[in-house]
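query36.tsv (TSV, C-alpha atoms and all ligand atoms) appears below.
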chain	number	residue	atom	x	y	z
A	31	MET	CA	2.59	-15.94	-7.61
A	32	LEU	CA	4.51	-14.62	-4.65
A	33	ILE	CA	2.65	-13.15	-1.67
A	34	LEU	CA	4.62	-11.34	1.03
A	35	THR	CA	3.10	-9.90	4.20
A	36	CYS	CA	4.32	-6.37	4.80
A	37	PRO	CA	5.57	-6.19	8.41
A	38	TYR	CA	4.60	-2.51	8.64
A	39	CYS	CA	0.95	-2.47	7.58
A	40	GLY	CA	0.16	-6.19	7.80
A	41	VAL	CA	-1.20	-6.44	4.24
A	42	ALA	CA	-0.59	-9.71	2.43
A	43	ALA	CA	0.66	-8.10	-0.76
A	44	ASP	CA	0.87	-9.69	-4.17
A	45	GLU	CA	4.24	-9.53	-5.93
A	46	THR	CA	2.80	-6.97	-8.37
A	47	GLU	CA	2.04	-4.57	-5.49
A	48	LEU	CA	5.68	-4.71	-4.44
A	49	HIS	CA	8.92	-3.38	-5.85
A	50	PRO	CA	11.92	-5.70	-5.61
A	51	GLY	CA	15.07	-4.29	-4.01
A	52	GLY	CA	17.45	-7.20	-4.58
A	53	GLU	CA	19.71	-8.99	-2.15
A	54	ALA	CA	19.46	-7.92	1.49
A	55	HIS	CA	22.09	-7.23	4.13
A	56	LEU	CA	24.80	-5.97	1.79
A	57	THR	CA	27.71	-4.14	3.32
A	58	ARG	CA	27.83	-0.71	1.72
A	59	GLU	CA	31.50	-0.31	0.93
A	60	GLY	CA	32.61	3.31	0.87
A	61	PRO	CA	35.43	5.25	-0.86
A	62	GLU	CA	37.93	4.04	1.75
A	63	SER	CA	37.40	0.37	0.82
A	64	ASP	CA	39.72	-1.50	-1.53
A	65	ASP	CA	38.79	-2.06	-5.17
A	66	ALA	CA	37.80	-5.71	-4.73
A	67	ALA	CA	35.41	-4.93	-1.88
A	68	PHE	CA	33.87	-2.00	-3.75
A	69	GLU	CA	33.46	-4.07	-6.91
A	70	GLY	CA	31.77	-6.78	-4.84
A	71	TYR	CA	29.36	-4.30	-3.30
A	72	LEU	CA	28.47	-2.79	-6.67
A	73	PHE	CA	28.26	-5.86	-8.85
A	74	HIS	CA	28.45	-9.21	-7.10
A	75	ARG	CA	25.21	-10.74	-5.88
A	76	LYS	CA	24.32	-14.16	-4.56
A	77	ASN	CA	22.08	-16.20	-6.81
A	78	PRO	CA	21.28	-19.17	-4.60
A	79	LYS	CA	19.11	-22.15	-5.29
A	80	GLY	CA	17.36	-22.07	-1.93
A	81	VAL	CA	17.22	-19.64	0.99
A	82	HIS	CA	17.53	-16.00	-0.05
A	83	PHE	CA	17.21	-12.77	1.92
A	84	GLU	CA	15.73	-9.91	-0.06
A	85	ARG	CA	14.65	-6.29	0.16
A	86	TRP	CA	11.17	-5.35	-1.03
A	87	ARG	CA	9.19	-2.12	-1.01
A	88	HIS	CA	5.41	-2.07	-0.46
A	89	SER	CA	5.16	0.43	-3.30
A	90	HIS	CA	1.45	-0.02	-4.11
A	91	GLY	CA	0.59	0.19	-0.43
A	92	CYS	CA	2.10	1.77	2.68
A	93	GLY	CA	5.33	2.59	0.84
A	94	LYS	CA	7.70	1.02	3.36
A	95	TRP	CA	10.85	-0.97	2.62
A	96	PHE	CA	11.09	-4.32	4.37
A	97	HIS	CA	12.99	-7.61	4.28
A	98	ALA	CA	11.81	-11.08	3.31
A	99	ALA	CA	13.33	-14.54	3.58
A	100	ARG	CA	12.18	-17.00	0.96
A	101	CYS	CA	13.22	-20.03	-1.05
A	102	THR	CA	14.09	-19.31	-4.68
A	103	VAL	CA	13.28	-22.89	-5.71
A	104	THR	CA	9.90	-23.53	-4.07
A	105	LEU	CA	8.89	-19.88	-3.48
A	106	GLU	CA	8.20	-20.83	0.14
A	107	VAL	CA	8.17	-17.66	2.22
A	108	PHE	CA	9.81	-18.07	5.63
A	109	GLY	CA	8.83	-14.62	6.84
A	110	SER	CA	9.19	-10.89	6.41
A	111	TYR	CA	10.82	-8.49	8.85
A	112	ALA	CA	11.63	-4.84	9.44
A	113	ALA	CA	14.15	-2.91	7.36
A	114	GLN	CA	16.08	-1.66	10.39
A	115	THR	CA	18.42	-4.62	10.74
A	116	THR	CA	21.71	-5.74	9.19
A	117	GLU	CA	20.96	-9.44	9.57
A	118	PRO	CA	17.94	-11.78	9.75
A	119	PRO	CA	16.32	-11.64	13.22
A	120	GLN	CA	16.35	-14.60	15.61
A	121	GLU	CA	12.72	-15.47	14.86
A	122	ILE	CA	13.48	-15.90	11.14
A	123	ARG	CA	16.66	-17.87	11.90
A	124	GLU	CA	14.66	-20.30	14.01
A	125	ILE	CA	12.10	-20.85	11.24
A	126	LEU	CA	14.92	-21.48	8.76
A	127	THR	CA	16.72	-23.88	11.06
A	128	ALA	CA	13.49	-25.85	11.48
A	129	ARG	CA	12.60	-25.94	7.78
A	130	ARG	CA	16.01	-25.78	6.10
A	131	PRO	CA	18.63	-27.33	8.39
A	132	GLY	CA	22.09	-26.17	7.33
A	133	TRP	CA	20.79	-22.98	5.72
A	134	ASP	CA	23.40	-20.84	7.52
A	135	GLN	CA	26.28	-22.93	6.14
A	136	GLU	CA	24.90	-22.60	2.62
A	137	ALA	CA	24.46	-18.86	3.13
A	138	LYS	CA	28.19	-18.51	3.87
A	139	ALA	CA	29.20	-20.49	0.80
B	1256	MET	CA	-4.98	17.75	-18.27
B	1257	SER	CA	-8.17	15.83	-18.01
B	1258	ASN	CA	-10.82	16.64	-15.46
B	1259	ILE	CA	-12.80	13.48	-16.07
B	1260	ALA	CA	-13.29	12.74	-12.36
B	1261	ARG	CA	-14.11	16.35	-11.62
B	1262	ASP	CA	-16.58	16.86	-14.43
B	1263	GLY	CA	-18.91	14.17	-13.19
B	1264	ALA	CA	-17.95	11.36	-15.53
B	1265	ARG	CA	-20.46	8.54	-15.39
B	1266	ALA	CA	-20.61	5.04	-16.85
B	1267	GLU	CA	-23.54	2.75	-16.27
B	1268	GLY	CA	-23.14	-0.99	-16.81
B	1269	GLU	CA	-23.36	-3.88	-14.38
B	1270	VAL	CA	-22.37	-1.23	-11.84
B	1271	LEU	CA	-22.54	2.58	-11.93
B	1272	VAL	CA	-19.10	4.23	-11.98
B	1273	GLU	CA	-19.03	7.94	-11.18
B	1274	GLY	CA	-16.32	10.55	-10.80
B	1275	GLN	CA	-16.87	12.12	-7.41
B	1276	GLY	CA	-15.99	15.66	-8.45
B	1277	PRO	CA	-13.88	17.95	-6.24
B	1278	GLN	CA	-12.89	16.18	-3.02
B	1279	GLY	CA	-10.96	17.90	-0.26
B	1280	MET	CA	-7.93	15.85	0.80
B	1281	ILE	CA	-5.32	16.57	3.43
B	1282	SER	CA	-2.24	14.44	3.87
B	1283	LEU	CA	-1.12	14.17	7.49
B	1284	ARG	CA	2.18	12.50	8.34
B	1285	CYS	CA	3.54	12.08	11.86
B	1286	ASP	CA	3.94	9.50	14.61
B	1287	LEU	CA	0.37	8.21	14.75
B	1288	GLY	CA	0.88	7.38	18.42
B	1289	ALA	CA	1.54	11.04	19.28
B	1290	ALA	CA	-0.85	12.38	21.92
B	1291	ALA	CA	-0.97	15.72	20.08
B	1292	LEU	CA	-2.42	14.00	17.01
B	1293	LYS	CA	-5.30	12.49	18.95
B	1294	THR	CA	-6.01	15.91	20.48
B	1295	ALA	CA	-5.77	17.67	17.11
B	1296	LEU	CA	-8.22	15.23	15.50
B	1297	ALA	CA	-10.57	15.33	18.50
B	1298	GLY	CA	-10.62	19.12	18.21
B	1299	GLU	CA	-12.21	18.61	14.78
B	1300	GLY	CA	-14.58	15.93	16.01
B	1301	LEU	CA	-12.50	13.23	14.31
B	1302	ALA	CA	-11.02	10.00	15.62
B	1303	LEU	CA	-7.79	8.21	14.79
B	1304	PRO	CA	-8.58	5.14	12.66
B	1305	ALA	CA	-7.14	1.71	13.43
B	1306	PRO	CA	-4.60	0.41	10.89
B	1307	LEU	CA	-6.12	-0.34	7.45
B	1308	SER	CA	-9.42	1.34	8.31
B	1309	LEU	CA	-11.22	4.67	8.42
B	1310	THR	CA	-13.30	6.80	10.74
B	1311	ARG	CA	-16.00	9.17	9.55
B	1312	GLU	CA	-17.89	12.13	10.93
B	1313	GLY	CA	-20.45	13.44	8.43
B	1314	ALA	CA	-18.69	14.73	5.29
B	1315	ARG	CA	-15.27	14.22	6.86
B	1316	ALA	CA	-13.33	11.01	7.08
B	1317	VAL	CA	-9.88	9.92	8.21
B	1318	LEU	CA	-8.21	7.14	6.23
B	1319	TRP	CA	-5.25	5.13	7.56
B	1320	MET	CA	-2.70	5.15	4.71
B	1321	SER	CA	0.49	3.83	6.35
B	1322	PRO	CA	2.01	3.52	9.84
B	1323	ASP	CA	2.88	7.24	9.74
B	1324	GLU	CA	0.34	8.66	7.30
B	1325	LEU	CA	-3.35	9.59	7.37
B	1326	MET	CA	-5.54	11.02	4.62
B	1327	LEU	CA	-8.32	13.36	5.69
B	1328	LEU	CA	-11.32	13.74	3.41
B	1329	CYS	CA	-13.51	16.83	3.66
B	1330	PRO	CA	-15.51	19.15	1.40
B	1331	TYR	CA	-13.12	20.67	-1.17
B	1332	ASP	CA	-13.53	24.28	-0.04
B	1333	GLU	CA	-12.97	23.42	3.63
B	1334	ALA	CA	-9.57	21.80	3.10
B	1335	PRO	CA	-7.30	24.90	3.39
B	1336	ALA	CA	-8.86	26.10	6.67
B	1337	LEU	CA	-8.95	22.58	8.16
B	1338	CYS	CA	-5.32	22.08	7.16
B	1339	ALA	CA	-4.34	25.38	8.82
B	1340	ARG	CA	-6.13	24.47	12.06
B	1341	LEU	CA	-4.52	21.01	12.18
B	1342	SER	CA	-1.06	22.50	11.43
B	1343	GLU	CA	-1.58	24.90	14.31
B	1344	ALA	CA	-2.71	22.11	16.64
B	1345	LEU	CA	0.37	20.06	15.69
B	1346	SER	CA	2.83	22.96	15.73
B	1347	GLY	CA	4.89	21.50	18.59
B	1348	THR	CA	4.98	18.02	17.01
B	1349	HIS	CA	7.14	16.65	14.21
B	1350	ALA	CA	4.39	16.51	11.60
B	1351	LEU	CA	3.51	17.39	8.03
B	1352	VAL	CA	0.00	18.57	7.13
B	1353	ALA	CA	-0.68	19.53	3.52
B	1354	VAL	CA	-3.67	20.08	1.25
B	1355	VAL	CA	-3.37	17.52	-1.55
B	1356	SER	CA	-6.93	17.76	-2.94
B	1357	ASP	CA	-5.75	18.12	-6.52
B	1358	ALA	CA	-3.27	15.24	-6.39
B	1359	ARG	CA	-5.88	12.52	-6.57
B	1360	ALA	CA	-9.26	11.83	-8.13
B	1361	ALA	CA	-12.11	10.13	-6.28
B	1362	PHE	CA	-14.53	7.60	-7.80
B	1363	ARG	CA	-17.63	5.89	-6.47
B	1364	LEU	CA	-19.08	2.59	-7.63
B	1365	THR	CA	-22.65	1.71	-6.75
B	1366	GLY	CA	-24.83	-1.29	-7.47
B	1367	GLU	CA	-25.21	-4.82	-6.23
B	1368	GLU	CA	-22.46	-5.43	-3.67
B	1369	ALA	CA	-21.19	-8.68	-5.17
B	1370	LEU	CA	-20.84	-6.91	-8.54
B	1371	LEU	CA	-18.93	-4.00	-6.99
B	1372	ARG	CA	-16.49	-6.48	-5.50
B	1373	GLU	CA	-16.29	-8.41	-8.75
B	1374	THR	CA	-15.62	-5.28	-10.79
B	1375	LEU	CA	-12.71	-4.30	-8.53
B	1376	ALA	CA	-11.43	-7.88	-8.33
B	1377	LYS	CA	-10.87	-7.81	-12.10
B	1378	LEU	CA	-8.38	-4.97	-11.63
B	1379	THR	CA	-6.66	-5.59	-8.31
B	1380	PRO	CA	-4.72	-8.53	-6.84
B	1381	ALA	CA	-6.18	-7.67	-3.40
B	1382	ASP	CA	-8.74	-10.10	-2.00
B	1383	MET	CA	-12.15	-8.48	-2.55
B	1384	ARG	CA	-14.24	-11.08	-0.71
B	1385	PRO	CA	-16.27	-9.54	2.15
B	1386	GLU	CA	-14.37	-11.53	4.79
B	1387	ALA	CA	-11.04	-10.17	3.57
B	1388	MET	CA	-12.28	-6.69	2.72
B	1389	PRO	CA	-15.13	-5.78	5.10
B	1390	GLU	CA	-16.95	-2.46	5.10
B	1391	GLY	CA	-14.65	0.27	6.44
B	1392	CYS	CA	-11.40	-1.53	5.57
B	1393	VAL	CA	-9.03	0.70	3.57
B	1394	ARG	CA	-6.73	-1.12	1.17
B	1395	ARG	CA	-4.04	0.60	-0.85
B	1396	THR	CA	-3.30	-1.56	-3.83
B	1397	ARG	CA	-3.00	-1.64	-7.60
B	1398	LEU	CA	-5.87	-1.14	-10.07
B	1399	ALA	CA	-4.70	-2.50	-13.39
B	1400	GLN	CA	-1.40	-0.63	-13.82
B	1401	VAL	CA	-1.70	2.18	-11.28
B	1402	ALA	CA	-1.80	2.70	-7.51
B	1403	ALA	CA	-5.16	3.22	-5.81
B	1404	ALA	CA	-6.87	3.14	-2.44
B	1405	ILE	CA	-10.15	1.21	-2.11
B	1406	TRP	CA	-12.78	0.96	0.59
B	1407	PHE	CA	-16.42	-0.04	0.96
B	1408	GLU	CA	-18.72	2.29	2.84
B	1409	ALA	CA	-22.49	2.62	3.02
B	1410	GLY	CA	-23.12	0.18	0.20
B	1411	ALA	CA	-20.74	1.86	-2.24
B	1412	ALA	CA	-17.16	1.15	-3.29
B	1413	HIS	CA	-14.81	4.12	-3.16
B	1414	VAL	CA	-11.60	4.55	-5.11
B	1415	LEU	CA	-8.85	7.16	-4.82
B	1416	ALA	CA	-6.22	7.29	-7.55
B	1417	PHE	CA	-3.66	9.80	-8.72
B	1418	ARG	CA	-5.26	12.47	-10.88
B	1419	SER	CA	-2.61	12.02	-13.56
B	1420	GLY	CA	-4.14	8.58	-14.13
B	1421	ALA	CA	-7.79	9.55	-13.57
B	1422	ASP	CA	-8.85	8.93	-17.19
B	1423	TYR	CA	-7.14	5.57	-17.15
B	1424	VAL	CA	-8.74	4.51	-13.84
B	1425	PHE	CA	-12.18	5.66	-14.93
B	1426	GLY	CA	-11.81	3.74	-18.18
B	1427	ALA	CA	-10.60	0.61	-16.42
B	1428	LEU	CA	-13.45	0.71	-13.87
B	1429	ALA	CA	-16.07	1.41	-16.54
B	1430	TYR	CA	-14.76	-1.41	-18.74
B	1431	ALA	CA	-14.56	-3.92	-15.87
B	1432	GLY	CA	-18.13	-3.05	-14.88
B	1433	ARG	CA	-19.66	-2.73	-18.35
B	1434	SER	CA	-22.95	-4.39	-19.28
B	1435	GLY	CA	-22.53	-8.08	-19.93
B	1436	ALA	CA	-19.27	-8.28	-17.99
B	1437	ARG	CA	-20.85	-10.08	-15.05
B	1438	VAL	CA	-18.88	-13.16	-13.92
B	1439	GLY	CA	-20.80	-14.15	-10.80
B	1440	HIS	CA	-17.81	-15.53	-8.93
B	1441	LEU	CA	-18.02	-13.39	-5.79
A	1501	ZN	ZN	2.86	-2.18	3.88
Would you encode the structure as structure tokens?
Amino acid sequence: MLILTCPYCGVAADETELHPGGEAHLTREGPESDDAAFEGYLFHRKNPKGVHFERWRHSHGCGKWFHAARCTVTLEVFGSYAAQTTEPPQEIREILTARRPGWDQEAKA
Amino acid sequence: MSNIARDGARAEGEVLVEGQGPQGMISLRCDLGAAALKTALAGEGLALPAPLSLTREGARAVLWMSPDELMLLCPYDEAPALCARLSEALSGTHALVAVVSDARAAFRLTGEEALLRETLAKLTPADMRPEAMPEGCVRRTRLAQVAAAIWFEAGAAHVLAFRSGADYVFGALAYAGRSGARVGHL
């Protein structure tokens, strides 16, 4: 069972109270982008064994979208953070660096 | 369309589950830090609740629903006039005030407190222990397969759920609290 704390209302919500929104921090390629970039935006997603950044909606609660960083192998949750960002905040990066050294190199791979 | 909650549905088991009948509800969305909101509520003798809680004044209550949303409870017939007065008081503020009394159904569970908590715990993933869910704490969550808001007040458990699922919620609550369904865990 996955429990994520909604950064907006503070409720520790069960997975079944949340709606998954898939991979976070995608670049939304527009009509001016080339075909490869647009195809990547539409169809290509990371599927890592390890650190993953995701979008979730507190649908059976306050209704807000937020972000979460977690491990897909152990289900360890590193933290959740506001939706209004294009990358993980410093506080989350520090937690990841402490618990998963090298996470940022893996994330680029 | 069923009116099960409105028609005074009642199921007695380990706990008593009752449809509350018509309940005035007003949805209020705005920046909850806005000074005008505090003034508007105070003008009605109401206070802004802290996150995940409620304030009450007689038959009226204010429930915190999200960082930018409140739900006002009042007698059904008073809702339109109260809504109009609040809209007027918030006219210079970016806000939405709407009567939504018919959108949701209200239920009340009464009985031994541990059994009220146990009955709800069978249907929701939210922690129903008193330390996690004290009196006056408002928790929006899931009851079986549908969304609901739950709080404990004056020895009773209160549930708000969408009216389209009122039959389902009543049935789920009645079944979870039926005679012989006592677990004794909480
Ligand atoms: Zn929330």
Counting only C-alpha atoms, which residues from chain B have an atom at most 7 Å from any atom of chain A, and could you show them as a PDB file with C-alpha atoms, in the frame of the given file?
ATOM      1  CA  MET B1320      -2.700   5.150   4.710  1.00  0.00           C
ATOM      2  CA  SER B1321       0.490   3.830   6.350  1.00  0.00           C
ATOM      3  CA  PRO B1322       2.010   3.520   9.840  1.00  0.00           C
ATOM      4  CA  PRO B1380      -4.720  -8.530  -6.840  1.00  0.00           C
ATOM      5  CA  ARG B1395      -4.040   0.600  -0.850  1.00  0.00           C
ATOM      6  CA  THR B1396      -3.300  -1.560  -3.830  1.00  0.00           C
ATOM      7  CA  ARG B1397      -3.000  -1.640  -7.600  1.00  0.00           C
ATOM      8  CA  ALA B1402      -1.800   2.700  -7.510  1.00  0.00           C
TER       9      ALA B1402
END
* To do: Give me the residues within 8 Å of A:Val81 as a PyMOL selection string, counting only C-alpha atoms and dropping any in the same chain fewer than 6 places off.
  => chain A and resi 99-102+133+137
* **Within 8 Å of A:Gly52 using only C-alpha atoms, minus same-chain residues under 6 positions, as JSON, numbers by chain** => {"A": [84, 85, 86]}
* Top pick for closest residue to B:Gly1439, considering B:Glu1269, B:Cys1329, B:Gly1391, B:Thr1348 and counting all atoms listed in the file ->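 So, comparing all the options, the nearest one is B:Glu1269.
Ranking A:Gly109, A:Pro61, A:Gly80, A:Pro37 by their shortest atom-to-atom distance to ligand ZN 1501 (chain A), with all atoms listed in the file included, puts A:Pro37 first.
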* Could you tell me which of B:Leu1415, B:Ile1281, B:Leu1441, B:Leu1287 comes closest to B:Ala1336 if we count only C-alpha atoms? =>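 Counting only C-alpha atoms, the residue closest to B:Ala1336 is B:Ile1281.
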Taking 6 positions as the minimum chain separation for residues in the same chain, which residues sit within 12 Å of A:His82 when counting only C-alpha atoms? Answer as an mmCIF file with C-alpha atoms, in the coordinates of the input.
data_model
loop_
_atom_site.group_PDB
_atom_site.id
_atom_site.type_symbol
_atom_site.label_atom_id
_atom_site.label_comp_id
_atom_site.auth_asym_id
_atom_site.auth_seq_id
_atom_site.Cartn_x
_atom_site.Cartn_y
_atom_site.Cartn_z
ATOM 1 C CA GLY A 52 17.450 -7.200 -4.580
ATOM 2 C CA GLU A 53 19.710 -8.990 -2.150
ATOM 3 C CA ALA A 54 19.460 -7.920 1.490
ATOM 4 C CA HIS A 55 22.090 -7.230 4.130
ATOM 5 C CA ARG A 75 25.210 -10.740 -5.880
ATOM 6 C CA LYS A 76 24.320 -14.160 -4.560
ATOM 7 C CA HIS A 97 12.990 -7.610 4.280
ATOM 8 C CA ALA A 98 11.810 -11.080 3.310
ATOM 9 C CA ALA A 99 13.330 -14.540 3.580
ATOM 10 C CA ARG A 100 12.180 -17.000 0.960
ATOM 11 C CA CYS A 101 13.220 -20.030 -1.050
ATOM 12 C CA THR A 102 14.090 -19.310 -4.680
ATOM 13 C CA VAL A 103 13.280 -22.890 -5.710
ATOM 14 C CA THR A 104 9.900 -23.530 -4.070
ATOM 15 C CA LEU A 105 8.890 -19.880 -3.480
ATOM 16 C CA GLU A 106 8.200 -20.830 0.140
ATOM 17 C CA VAL A 107 8.170 -17.660 2.220
ATOM 18 C CA PHE A 108 9.810 -18.070 5.630
ATOM 19 C CA GLY A 109 8.830 -14.620 6.840
ATOM 20 C CA SER A 110 9.190 -10.890 6.410
ATOM 21 C CA PRO A 118 17.940 -11.780 9.750
ATOM 22 C CA ILE A 122 13.480 -15.900 11.140
ATOM 23 C CA LEU A 126 14.920 -21.480 8.760
ATOM 24 C CA ARG A 130 16.010 -25.780 6.100
ATOM 25 C CA TRP A 133 20.790 -22.980 5.720
ATOM 26 C CA ASP A 134 23.400 -20.840 7.520
ATOM 27 C CA GLU A 136 24.900 -22.600 2.620
ATOM 28 C CA ALA A 137 24.460 -18.860 3.130
ATOM 29 C CA LYS A 138 28.190 -18.510 3.870
#
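Using only C-alpha atoms and all ligand atoms, the shortest contact distance between ligand ZN 1501 (chain A) and any of A:Glu121, A:Thr116, A:Ala66, A:Tyr111 is found at A:Tyr111.
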* Identify the residues around (-5.3, 10.5, 8.5) within a radius of 12 Å, measuring from all atoms listed in the file in the coordinates stated by the file, and give them as a ChimeraX atom specification. => /B:1280-1287,1292-1293,1295-1296,1301-1311,1315-1329,1338,1341,1350-1353,1393
* Asked: So which one's closest to ligand ZN 1501 (chain A), A:Met31, A:Cys36, A:Ala67, A:Ile125? Using only C-alpha atoms and all ligand atoms, please.
  ->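 The answer is A:Cys36, which sits nearest to ligand ZN 1501 (chain A).
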* Using all atoms listed in the file, which residue out of A:Gly60, A:Pro78, A:Ala113, A:Ala128 lies closest to ligand ZN 1501 (chain A)? ->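 Going through A:Gly60, A:Pro78, A:Ala113, A:Ala128 one by one, the smallest distance to ligand ZN 1501 (chain A) is for A:Ala113.
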* Asked: Distance atom CA of B:His1413-atom CA of B:Val1272, one decimal place?
  -> 9.8 Å
* To do: Could you please determine the separation between atom CA of A:Arg87 and atom CA of A:His49 in Å, to one decimal place?
  =>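 Going from atom CA of A:Arg87 over to atom CA of A:His49 covers 5.0 Å.
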* To do: For atom CA of B:Glu1368 and atom CA of B:Glu1273, quote the distance in Å rounded to one decimal.
  => 15.7 Å
